[in-house]
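The next block is protein_20.cif, given as mmCIF, N, CA, C and O atoms.
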```cif
data_entry
loop_
_atom_site.label_atom_id
_atom_site.label_comp_id
_atom_site.auth_asym_id
_atom_site.auth_seq_id
_atom_site.Cartn_x
_atom_site.Cartn_y
_atom_site.Cartn_z
N MET A 156 20.90 79.10 61.09
CA MET A 156 22.24 79.09 60.57
C MET A 156 22.29 78.66 59.11
O MET A 156 23.11 79.14 58.36
N ARG A 157 21.43 77.75 58.75
CA ARG A 157 21.44 77.25 57.38
C ARG A 157 21.18 78.39 56.38
O ARG A 157 21.79 78.44 55.31
N ASP A 158 20.26 79.30 56.72
CA ASP A 158 19.98 80.43 55.84
C ASP A 158 21.21 81.31 55.66
O ASP A 158 21.48 81.79 54.56
N THR A 159 21.97 81.50 56.74
CA THR A 159 23.19 82.30 56.66
C THR A 159 24.20 81.63 55.75
O THR A 159 24.83 82.29 54.92
N TRP A 160 24.37 80.32 55.89
CA TRP A 160 25.32 79.60 55.05
C TRP A 160 24.88 79.63 53.58
O TRP A 160 25.70 79.80 52.68
N THR A 161 23.60 79.49 53.34
CA THR A 161 23.08 79.55 51.98
C THR A 161 23.35 80.92 51.36
O THR A 161 23.78 81.03 50.21
N LEU A 162 23.14 81.98 52.13
CA LEU A 162 23.43 83.33 51.65
C LEU A 162 24.92 83.50 51.37
O LEU A 162 25.31 84.07 50.35
N PHE A 163 25.77 82.99 52.27
CA PHE A 163 27.22 83.06 52.05
C PHE A 163 27.58 82.37 50.75
O PHE A 163 28.34 82.91 49.94
N THR A 164 27.06 81.18 50.53
CA THR A 164 27.35 80.43 49.30
C THR A 164 26.88 81.19 48.07
O THR A 164 27.60 81.27 47.07
N LEU A 165 25.72 81.78 48.15
CA LEU A 165 25.20 82.55 47.03
C LEU A 165 26.10 83.74 46.71
O LEU A 165 26.49 83.96 45.56
N VAL A 166 26.47 84.50 47.74
CA VAL A 166 27.29 85.69 47.52
C VAL A 166 28.71 85.33 47.13
O VAL A 166 29.27 85.87 46.18
N TYR A 167 29.32 84.39 47.85
CA TYR A 167 30.72 84.07 47.63
C TYR A 167 30.95 83.23 46.38
O TYR A 167 31.75 83.57 45.52
N VAL A 168 30.26 82.13 46.27
CA VAL A 168 30.53 81.19 45.19
C VAL A 168 29.76 81.55 43.91
O VAL A 168 30.36 81.78 42.86
N GLN A 169 28.46 81.63 44.00
CA GLN A 169 27.65 81.81 42.80
C GLN A 169 27.81 83.21 42.18
O GLN A 169 27.65 83.36 40.98
N SER A 170 28.10 84.20 42.98
CA SER A 170 28.26 85.55 42.44
C SER A 170 29.69 85.85 42.00
O SER A 170 29.97 86.92 41.48
N GLY A 171 30.61 84.92 42.23
CA GLY A 171 31.96 85.06 41.72
C GLY A 171 32.96 85.80 42.60
O GLY A 171 34.07 86.08 42.17
N TRP A 172 32.58 86.11 43.84
CA TRP A 172 33.51 86.85 44.69
C TRP A 172 34.74 86.04 45.05
O TRP A 172 35.77 86.60 45.43
N GLN A 173 34.71 84.73 44.93
CA GLN A 173 35.87 83.91 45.27
C GLN A 173 37.07 84.24 44.40
O GLN A 173 38.20 84.00 44.77
N ARG A 174 36.84 84.85 43.24
CA ARG A 174 37.95 85.24 42.37
C ARG A 174 38.65 86.49 42.87
O ARG A 174 39.76 86.78 42.45
N PHE A 175 37.99 87.27 43.71
CA PHE A 175 38.52 88.57 44.08
C PHE A 175 38.93 88.71 45.54
O PHE A 175 39.78 89.53 45.85
N LEU A 176 38.30 87.96 46.42
CA LEU A 176 38.58 88.11 47.84
C LEU A 176 39.75 87.22 48.26
O LEU A 176 39.87 86.09 47.80
N PRO A 177 40.60 87.72 49.15
CA PRO A 177 41.70 86.89 49.63
C PRO A 177 41.18 85.77 50.54
O PRO A 177 40.09 85.88 51.13
N SER A 178 41.95 84.71 50.64
CA SER A 178 41.55 83.55 51.45
C SER A 178 41.26 83.94 52.90
O SER A 178 40.36 83.38 53.52
N SER A 179 42.01 84.90 53.43
CA SER A 179 41.80 85.28 54.83
C SER A 179 40.42 85.88 55.04
O SER A 179 39.77 85.61 56.06
N SER A 180 39.93 86.66 54.10
CA SER A 180 38.59 87.23 54.28
C SER A 180 37.53 86.14 54.15
O SER A 180 36.52 86.17 54.85
N ILE A 181 37.78 85.19 53.29
CA ILE A 181 36.84 84.08 53.15
C ILE A 181 36.80 83.25 54.42
O ILE A 181 35.75 82.79 54.84
N ALA A 182 37.95 83.09 55.07
CA ALA A 182 37.99 82.35 56.33
C ALA A 182 37.11 83.03 57.37
O ALA A 182 36.35 82.36 58.09
N VAL A 183 37.17 84.35 57.44
CA VAL A 183 36.35 85.09 58.40
C VAL A 183 34.88 84.98 58.02
O VAL A 183 34.02 84.69 58.86
N LEU A 184 34.57 85.21 56.73
CA LEU A 184 33.18 85.18 56.30
C LEU A 184 32.55 83.80 56.48
O LEU A 184 31.42 83.68 56.94
N SER A 185 33.27 82.75 56.13
CA SER A 185 32.70 81.41 56.27
C SER A 185 32.51 81.05 57.74
O SER A 185 31.53 80.41 58.11
N TYR A 186 33.44 81.49 58.60
CA TYR A 186 33.30 81.26 60.04
C TYR A 186 32.05 81.96 60.57
O TYR A 186 31.25 81.37 61.30
N LEU A 187 31.86 83.21 60.18
CA LEU A 187 30.67 83.95 60.63
C LEU A 187 29.39 83.35 60.06
O LEU A 187 28.35 83.35 60.72
N ALA A 188 29.48 82.83 58.83
CA ALA A 188 28.30 82.21 58.23
C ALA A 188 27.89 80.95 58.98
O ALA A 188 26.71 80.64 59.08
N THR A 189 28.84 80.23 59.54
CA THR A 189 28.51 79.02 60.28
C THR A 189 28.19 79.30 61.75
O THR A 189 27.34 78.64 62.33
N GLU A 190 28.84 80.30 62.33
CA GLU A 190 28.63 80.61 63.75
C GLU A 190 27.55 81.66 63.99
O GLU A 190 26.99 81.73 65.07
N GLY A 191 27.29 82.49 63.02
CA GLY A 191 26.28 83.53 63.17
C GLY A 191 26.85 84.83 63.71
O GLY A 191 26.57 85.89 63.23
N ALA A 192 27.66 84.74 64.73
CA ALA A 192 28.31 85.92 65.33
C ALA A 192 29.53 85.43 66.08
O ALA A 192 29.59 84.28 66.51
N ALA A 193 30.51 86.31 66.21
CA ALA A 193 31.72 85.93 66.93
C ALA A 193 32.43 87.19 67.40
O ALA A 193 32.35 88.24 66.75
N SER A 194 33.12 87.07 68.50
CA SER A 194 33.91 88.18 69.01
C SER A 194 35.23 88.24 68.25
O SER A 194 35.64 87.25 67.62
N PRO A 195 35.93 89.37 68.30
CA PRO A 195 37.25 89.43 67.68
C PRO A 195 38.19 88.35 68.20
O PRO A 195 38.98 87.79 67.44
N THR A 196 38.09 88.03 69.47
CA THR A 196 38.95 86.98 70.06
C THR A 196 38.64 85.63 69.43
O THR A 196 39.55 84.87 69.10
N GLU A 197 37.37 85.32 69.23
CA GLU A 197 36.99 84.05 68.62
C GLU A 197 37.45 83.99 67.15
O GLU A 197 37.93 82.94 66.70
N ILE A 198 37.30 85.09 66.45
CA ILE A 198 37.76 85.12 65.05
C ILE A 198 39.27 84.96 64.99
O ILE A 198 39.80 84.22 64.16
N ASP A 199 39.99 85.62 65.89
CA ASP A 199 41.44 85.51 65.95
C ASP A 199 41.85 84.05 66.18
O ASP A 199 42.73 83.54 65.49
N GLU A 200 41.19 83.38 67.10
CA GLU A 200 41.51 81.97 67.38
C GLU A 200 41.23 81.09 66.17
O GLU A 200 42.01 80.20 65.84
N GLU A 201 40.12 81.36 65.48
CA GLU A 201 39.78 80.59 64.29
C GLU A 201 40.84 80.78 63.20
O GLU A 201 41.27 79.82 62.57
N LEU A 202 41.27 82.01 62.98
CA LEU A 202 42.28 82.28 61.96
C LEU A 202 43.61 81.64 62.29
O LEU A 202 44.32 81.18 61.39
N ARG A 203 43.97 81.59 63.55
CA ARG A 203 45.26 80.99 63.95
C ARG A 203 45.32 79.50 63.64
O ARG A 203 46.40 78.93 63.56
N GLY A 204 44.18 78.87 63.40
CA GLY A 204 44.16 77.46 63.05
C GLY A 204 44.42 77.19 61.57
O GLY A 204 44.45 76.05 61.14
N ASN A 205 44.64 78.24 60.79
CA ASN A 205 44.85 78.10 59.35
C ASN A 205 46.29 78.46 59.01
O ASN A 205 46.81 79.46 59.49
N VAL A 206 46.92 77.69 58.16
CA VAL A 206 48.32 77.93 57.80
C VAL A 206 48.51 79.30 57.15
O VAL A 206 49.55 79.94 57.33
N ASP A 207 47.53 79.78 56.40
CA ASP A 207 47.66 81.07 55.72
C ASP A 207 47.43 82.26 56.64
O ASP A 207 47.77 83.39 56.28
N THR A 208 46.85 82.03 57.81
CA THR A 208 46.54 83.13 58.73
C THR A 208 47.01 82.78 60.15
O THR A 208 46.32 83.06 61.12
N ALA A 209 48.18 82.20 60.24
CA ALA A 209 48.69 81.72 61.53
C ALA A 209 48.88 82.83 62.56
O ALA A 209 48.93 82.57 63.76
N GLU A 210 48.97 84.09 62.10
CA GLU A 210 49.11 85.22 63.03
C GLU A 210 47.75 85.78 63.43
O GLU A 210 47.67 86.88 64.00
N GLY A 211 46.69 85.07 63.12
CA GLY A 211 45.35 85.52 63.49
C GLY A 211 44.97 86.80 62.78
O GLY A 211 45.24 86.98 61.59
N LEU A 212 44.33 87.71 63.51
CA LEU A 212 43.86 88.96 62.91
C LEU A 212 44.99 89.88 62.46
O LEU A 212 44.75 90.82 61.71
N THR A 213 46.21 89.62 62.89
CA THR A 213 47.33 90.44 62.44
C THR A 213 48.02 89.87 61.20
O THR A 213 49.00 90.43 60.73
N SER A 214 47.50 88.77 60.66
CA SER A 214 48.06 88.17 59.44
C SER A 214 47.90 89.11 58.27
O SER A 214 46.99 89.94 58.24
N ASP A 215 48.79 88.97 57.27
CA ASP A 215 48.63 89.70 56.03
C ASP A 215 47.31 89.28 55.38
O ASP A 215 46.94 88.11 55.42
N VAL A 216 46.63 90.23 54.78
CA VAL A 216 45.36 89.93 54.14
C VAL A 216 45.57 89.10 52.88
O VAL A 216 44.89 88.12 52.64
N TRP A 217 46.54 89.48 52.05
CA TRP A 217 46.77 88.82 50.77
C TRP A 217 47.90 87.81 50.88
O TRP A 217 48.88 88.03 51.58
N GLU A 218 47.74 86.72 50.17
CA GLU A 218 48.82 85.75 50.06
C GLU A 218 49.95 86.40 49.27
O GLU A 218 49.71 87.25 48.42
N PRO A 219 51.19 85.98 49.51
CA PRO A 219 52.28 86.56 48.73
C PRO A 219 52.14 86.16 47.26
O PRO A 219 51.65 85.08 46.95
N PRO A 220 52.56 87.05 46.34
CA PRO A 220 52.46 86.68 44.92
C PRO A 220 53.40 85.52 44.61
O PRO A 220 54.43 85.35 45.28
N LEU A 221 53.04 84.75 43.60
CA LEU A 221 53.91 83.67 43.16
C LEU A 221 55.22 84.26 42.65
O LEU A 221 55.22 85.31 42.00
N GLU A 222 56.31 83.58 42.91
CA GLU A 222 57.60 84.00 42.36
C GLU A 222 58.08 82.90 41.42
O GLU A 222 58.11 81.74 41.78
N PHE A 223 58.43 83.33 40.21
CA PHE A 223 58.84 82.39 39.18
C PHE A 223 60.35 82.41 39.00
O PHE A 223 61.01 83.41 39.26
N THR A 224 60.87 81.29 38.49
CA THR A 224 62.26 81.24 38.06
C THR A 224 62.26 81.36 36.53
O THR A 224 61.21 81.19 35.89
N ASP A 225 63.41 81.65 35.96
CA ASP A 225 63.50 81.72 34.49
C ASP A 225 63.10 80.39 33.86
O ASP A 225 62.42 80.36 32.84
N GLU A 226 63.49 79.29 34.49
CA GLU A 226 63.16 77.97 33.98
C GLU A 226 61.64 77.74 34.00
O GLU A 226 61.07 77.20 33.05
N GLU A 227 60.97 78.14 35.06
CA GLU A 227 59.51 77.98 35.13
C GLU A 227 58.82 78.78 34.04
O GLU A 227 57.87 78.30 33.41
N LEU A 228 59.27 80.00 33.80
CA LEU A 228 58.68 80.82 32.73
C LEU A 228 58.91 80.19 31.36
O LEU A 228 58.02 80.20 30.50
N ARG A 229 60.10 79.63 31.15
CA ARG A 229 60.38 78.96 29.87
C ARG A 229 59.43 77.78 29.68
O ARG A 229 58.84 77.61 28.61
N ARG A 230 59.22 76.99 30.75
CA ARG A 230 58.31 75.84 30.65
C ARG A 230 56.87 76.28 30.43
O ARG A 230 56.13 75.64 29.69
N LEU A 231 56.45 77.38 31.06
CA LEU A 231 55.10 77.89 30.83
C LEU A 231 54.91 78.27 29.37
O LEU A 231 53.87 77.98 28.78
N ASP A 232 55.91 78.92 28.78
CA ASP A 232 55.82 79.26 27.36
C ASP A 232 55.74 78.00 26.50
O ASP A 232 54.95 77.93 25.56
N GLU A 233 56.56 77.01 26.80
CA GLU A 233 56.57 75.78 26.02
C GLU A 233 55.25 75.03 26.12
O GLU A 233 54.82 74.39 25.17
N ASN A 234 54.59 75.11 27.27
CA ASN A 234 53.35 74.36 27.49
C ASN A 234 52.10 75.16 27.17
O ASN A 234 51.00 74.74 27.50
N SER A 235 52.25 76.29 26.51
CA SER A 235 51.08 77.12 26.20
C SER A 235 50.58 76.88 24.78
O SER A 235 50.09 77.78 24.12
N GLU A 236 50.77 75.66 24.30
CA GLU A 236 50.25 75.21 23.00
C GLU A 236 50.69 76.11 21.86
O GLU A 236 49.90 76.49 21.00
N GLY A 237 51.96 76.50 21.86
CA GLY A 237 52.52 77.27 20.76
C GLY A 237 52.22 78.75 20.81
O GLY A 237 52.64 79.50 19.95
N ILE A 238 51.47 79.18 21.79
CA ILE A 238 51.16 80.60 21.93
C ILE A 238 51.97 81.13 23.10
O ILE A 238 51.68 80.81 24.26
N PRO A 239 53.01 81.90 22.83
CA PRO A 239 53.84 82.38 23.94
C PRO A 239 53.02 83.27 24.88
O PRO A 239 52.15 84.01 24.46
N LEU A 240 53.28 83.13 26.17
CA LEU A 240 52.56 83.92 27.15
C LEU A 240 52.87 85.40 27.01
O LEU A 240 52.06 86.25 27.34
N VAL A 241 54.04 85.71 26.51
CA VAL A 241 54.42 87.10 26.24
C VAL A 241 54.73 87.19 24.76
O VAL A 241 55.73 86.68 24.30
N SER A 242 53.85 87.84 24.01
CA SER A 242 54.04 87.89 22.56
C SER A 242 54.60 89.22 22.08
O SER A 242 54.84 89.38 20.90
N ASP A 243 54.78 90.17 22.97
CA ASP A 243 55.22 91.50 22.54
C ASP A 243 56.70 91.72 22.83
O ASP A 243 57.07 92.60 23.58
N GLY A 244 57.55 90.89 22.23
CA GLY A 244 58.98 91.09 22.40
C GLY A 244 59.66 89.86 22.97
O GLY A 244 59.10 88.78 23.00
N PRO A 245 60.90 90.08 23.41
CA PRO A 245 61.66 88.94 23.93
C PRO A 245 61.07 88.42 25.24
O PRO A 245 60.32 89.11 25.92
N ARG A 246 61.41 87.20 25.52
CA ARG A 246 60.94 86.55 26.75
C ARG A 246 61.44 87.34 27.96
O ARG A 246 62.60 87.72 28.04
N ARG A 247 60.55 87.60 28.90
CA ARG A 247 60.91 88.35 30.11
C ARG A 247 61.63 87.44 31.10
O ARG A 247 61.40 86.25 31.14
N SER A 248 62.47 88.04 31.88
CA SER A 248 63.17 87.27 32.90
C SER A 248 62.28 87.13 34.14
O SER A 248 61.33 87.91 34.33
N ALA A 249 62.59 86.16 34.97
CA ALA A 249 61.85 85.97 36.22
C ALA A 249 61.95 87.21 37.09
O ALA A 249 60.97 87.60 37.74
N GLU A 250 63.10 87.85 37.06
CA GLU A 250 63.27 89.07 37.87
C GLU A 250 62.26 90.15 37.47
O GLU A 250 61.63 90.77 38.33
N VAL A 251 62.06 90.33 36.17
CA VAL A 251 61.11 91.34 35.67
C VAL A 251 59.68 90.93 36.00
O VAL A 251 58.88 91.73 36.48
N VAL A 252 59.33 89.68 35.74
CA VAL A 252 57.97 89.19 35.99
C VAL A 252 57.64 89.31 37.48
O VAL A 252 56.56 89.78 37.85
N ASN A 253 58.56 88.89 38.34
CA ASN A 253 58.32 88.95 39.78
C ASN A 253 58.19 90.40 40.26
O ASN A 253 57.35 90.71 41.10
N ALA A 254 59.00 91.30 39.71
CA ALA A 254 58.92 92.72 40.09
C ALA A 254 57.59 93.32 39.65
O ALA A 254 56.96 94.09 40.38
N GLN A 255 57.11 92.94 38.45
CA GLN A 255 55.82 93.44 37.98
C GLN A 255 54.67 92.91 38.84
O GLN A 255 53.73 93.65 39.14
N ALA A 256 54.76 91.66 39.25
CA ALA A 256 53.73 91.09 40.11
C ALA A 256 53.69 91.82 41.46
O ALA A 256 52.61 92.13 41.99
N GLN A 257 54.86 92.12 42.00
CA GLN A 257 54.92 92.85 43.27
C GLN A 257 54.38 94.27 43.12
O GLN A 257 53.64 94.75 43.97
N ALA A 258 54.69 94.92 42.00
CA ALA A 258 54.18 96.28 41.76
C ALA A 258 52.66 96.27 41.63
O ALA A 258 51.98 97.16 42.15
N THR A 259 52.14 95.26 40.95
CA THR A 259 50.69 95.14 40.81
C THR A 259 50.05 94.92 42.17
O THR A 259 49.01 95.50 42.48
N ARG A 260 50.66 94.11 43.00
CA ARG A 260 50.13 93.84 44.35
C ARG A 260 50.09 95.12 45.16
O ARG A 260 49.11 95.42 45.82
N ILE A 261 51.14 95.90 45.09
CA ILE A 261 51.20 97.16 45.84
C ILE A 261 50.14 98.13 45.34
O ILE A 261 49.46 98.80 46.13
N GLU A 262 49.99 98.18 44.01
CA GLU A 262 48.98 99.07 43.41
C GLU A 262 47.60 98.70 43.89
O GLU A 262 46.77 99.49 44.22
#
```
Do you think you could lay out the structure here as structure tokens?
Amino acid sequence: MRDTWTLFTLVYVQSGWQRFLPSSSIAVLSYLATEGAASPTEIDEELRGNVDTAEGLTSDVWEPPLEFTDEELRRLDENSEGIPLVSDGPRRSAEVVNAQAQATRIE
């Protein structure tokens, strides 16, 4: 089992896949890395123990995108050390930013 976990760590952490894979897939991969093999029922039970995958194998794969308020976007701009997060025109509204995030997720 240790070799499997070492391989998982190499592929997931050291190779940078943690930036791209959703948490739910990591939950499955890390479970398999520690158990070696599991039935769909066992994986489903393991996922149900996590707040992000409470519906087990029927859970959404991706976490919902963050939703911002206009005030949060204003504070992000203020705290970006004088470099506005959006430099190509007027400050975007939360409605626009949230809609773009949702469109990107769908894409």
Fill in: Distance criterion (only N, CA, C and O atoms): nearest to Ala249 (chain A) out of A:Asp225, A:Glu218, A:Asp158, A:Glu201
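Closest candidate: A:Asp225.
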Go through the shown structure with the PyMOL selection byres ((chain A and resi 199) around 8) and write out the matching residues as a short mmCIF file (atom, residue, chain, number, x, y, z; two decimals) with N, CA, C and O atoms, keeping the file's coordinate frame.
```cif
data_model
loop_
_atom_site.label_atom_id
_atom_site.label_comp_id
_atom_site.auth_asym_id
_atom_site.auth_seq_id
_atom_site.Cartn_x
_atom_site.Cartn_y
_atom_site.Cartn_z
N ALA A 193 30.51 86.31 66.21
CA ALA A 193 31.72 85.93 66.93
C ALA A 193 32.43 87.19 67.40
O ALA A 193 32.35 88.24 66.75
N SER A 194 33.12 87.07 68.50
CA SER A 194 33.91 88.18 69.01
C SER A 194 35.23 88.24 68.25
O SER A 194 35.64 87.25 67.62
N PRO A 195 35.93 89.37 68.30
CA PRO A 195 37.25 89.43 67.68
C PRO A 195 38.19 88.35 68.20
O PRO A 195 38.98 87.79 67.44
N THR A 196 38.09 88.03 69.47
CA THR A 196 38.95 86.98 70.06
C THR A 196 38.64 85.63 69.43
O THR A 196 39.55 84.87 69.10
N GLU A 197 37.37 85.32 69.23
CA GLU A 197 36.99 84.05 68.62
C GLU A 197 37.45 83.99 67.15
O GLU A 197 37.93 82.94 66.70
N ILE A 198 37.30 85.09 66.45
CA ILE A 198 37.76 85.12 65.05
C ILE A 198 39.27 84.96 64.99
O ILE A 198 39.80 84.22 64.16
N GLU A 200 41.19 83.38 67.10
CA GLU A 200 41.51 81.97 67.38
C GLU A 200 41.23 81.09 66.17
O GLU A 200 42.01 80.20 65.84
N GLU A 201 40.12 81.36 65.48
CA GLU A 201 39.78 80.59 64.29
C GLU A 201 40.84 80.78 63.20
O GLU A 201 41.27 79.82 62.57
N LEU A 202 41.27 82.01 62.98
CA LEU A 202 42.28 82.28 61.96
C LEU A 202 43.61 81.64 62.29
O LEU A 202 44.32 81.18 61.39
N ARG A 203 43.97 81.59 63.55
CA ARG A 203 45.26 80.99 63.95
C ARG A 203 45.32 79.50 63.64
O ARG A 203 46.40 78.93 63.56
N GLY A 204 44.18 78.87 63.40
CA GLY A 204 44.16 77.46 63.05
C GLY A 204 44.42 77.19 61.57
O GLY A 204 44.45 76.05 61.14
N ASN A 205 44.64 78.24 60.79
CA ASN A 205 44.85 78.10 59.35
C ASN A 205 46.29 78.46 59.01
O ASN A 205 46.81 79.46 59.49
N THR A 208 46.85 82.03 57.81
CA THR A 208 46.54 83.13 58.73
C THR A 208 47.01 82.78 60.15
O THR A 208 46.32 83.06 61.12
N ALA A 209 48.18 82.20 60.24
CA ALA A 209 48.69 81.72 61.53
C ALA A 209 48.88 82.83 62.56
O ALA A 209 48.93 82.57 63.76
N GLU A 210 48.97 84.09 62.10
CA GLU A 210 49.11 85.22 63.03
C GLU A 210 47.75 85.78 63.43
O GLU A 210 47.67 86.88 64.00
N GLY A 211 46.69 85.07 63.12
CA GLY A 211 45.35 85.52 63.49
C GLY A 211 44.97 86.80 62.78
O GLY A 211 45.24 86.98 61.59
N LEU A 212 44.33 87.71 63.51
CA LEU A 212 43.86 88.96 62.91
C LEU A 212 44.99 89.88 62.46
O LEU A 212 44.75 90.82 61.71
N THR A 213 46.21 89.62 62.89
CA THR A 213 47.33 90.44 62.44
C THR A 213 48.02 89.87 61.20
O THR A 213 49.00 90.43 60.73
#
```
Discussion item. For a quick check of understanding, using all atoms listed in the file, which of A:Asn234, A:Thr189, A:Gln257, A:Thr164 has the smallest distance to Pro220 (chain A)?
Written reply: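 That would be A:Gln257, the residue with the smallest distance to Pro220 (chain A).
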Worksheet entry | Given only N, CA, C and O atoms as the counted atoms, nearest of A:Glu222, A:Val206, A:Val216, A:Gln169 to Ile181 (chain A) |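 For Ile181 (chain A), the nearest of the given residues is A:Val216.
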Item to complete: Enumerate, as a list in words, the residues matched when the PyMOL selection byres ((chain A and resi 226-230) around 8) is run on the file above.
Response: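 Selection result, ordered by chain and number: Glu222, Phe223, Thr224, Asp225, Leu231, Asp232, Glu233, Asn234, Ser235, Glu236, Leu240, Val241, Arg246, Arg247, Ser248 and Ala249 of chain A.
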Discussion item. Could you tell me how far atom O of Ala254 (chain A) sits from atom O of Leu176 (chain A), in Å to one decimal place?
Written reply: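 According to the coordinates, atom O of Leu176 (chain A) and atom O of Ala254 (chain A) are separated by 20.3 Å.
Counting from atom O of Val251 (chain A), the distance to atom N of Ala182 (chain A) is 29.3 Å.
What separates CA of Asp215 (chain A) from atom C of Val183 (chain A) is a distance of 14.7 Å.
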Discussion item. Please extract the residues of region 159-214 of chain A with a backbone DSSP assignment of alpha helix (DSSP H) and present them as JSON, numbers by chain.
Written reply: {"A": [159, 160, 161, 162, 163, 164, 178, 179, 180, 181, 182, 183, 184, 185, 186, 187, 188, 189, 190, 195, 196, 197, 198, 199, 200, 201, 202, 203]}
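Nearest-residue note for Ser179 (chain A): choosing from A:Glu262, A:Ser214, A:Gln255, A:Leu221, the minimum distance belongs to A:Ser214, counting only C-alpha atoms.
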Just want the 7 Å neighbourhood of Trp217 (chain A), counted on only N, CA, C and O atoms, with same-chain residues fewer than 5 positions away dropped. Output as an mmCIF file with N, CA, C and O atoms, keeping the file's coordinate frame.
```cif
data_model
loop_
_atom_site.group_PDB
_atom_site.id
_atom_site.type_symbol
_atom_site.label_atom_id
_atom_site.label_comp_id
_atom_site.auth_asym_id
_atom_site.auth_seq_id
_atom_site.Cartn_x
_atom_site.Cartn_y
_atom_site.Cartn_z
ATOM 1 N N PRO A 177 40.600 87.720 49.150
ATOM 2 C CA PRO A 177 41.700 86.890 49.630
ATOM 3 C C PRO A 177 41.180 85.770 50.540
ATOM 4 O O PRO A 177 40.090 85.880 51.130
ATOM 5 N N SER A 178 41.950 84.710 50.640
ATOM 6 C CA SER A 178 41.550 83.550 51.450
ATOM 7 C C SER A 178 41.260 83.940 52.900
ATOM 8 O O SER A 178 40.360 83.380 53.520
ATOM 9 N N SER A 179 42.010 84.900 53.430
ATOM 10 C CA SER A 179 41.800 85.280 54.830
ATOM 11 C C SER A 179 40.420 85.880 55.040
ATOM 12 O O SER A 179 39.770 85.610 56.060
ATOM 13 N N ASP A 207 47.530 79.780 56.400
ATOM 14 C CA ASP A 207 47.660 81.070 55.720
ATOM 15 C C ASP A 207 47.430 82.260 56.640
ATOM 16 O O ASP A 207 47.770 83.390 56.280
#
```
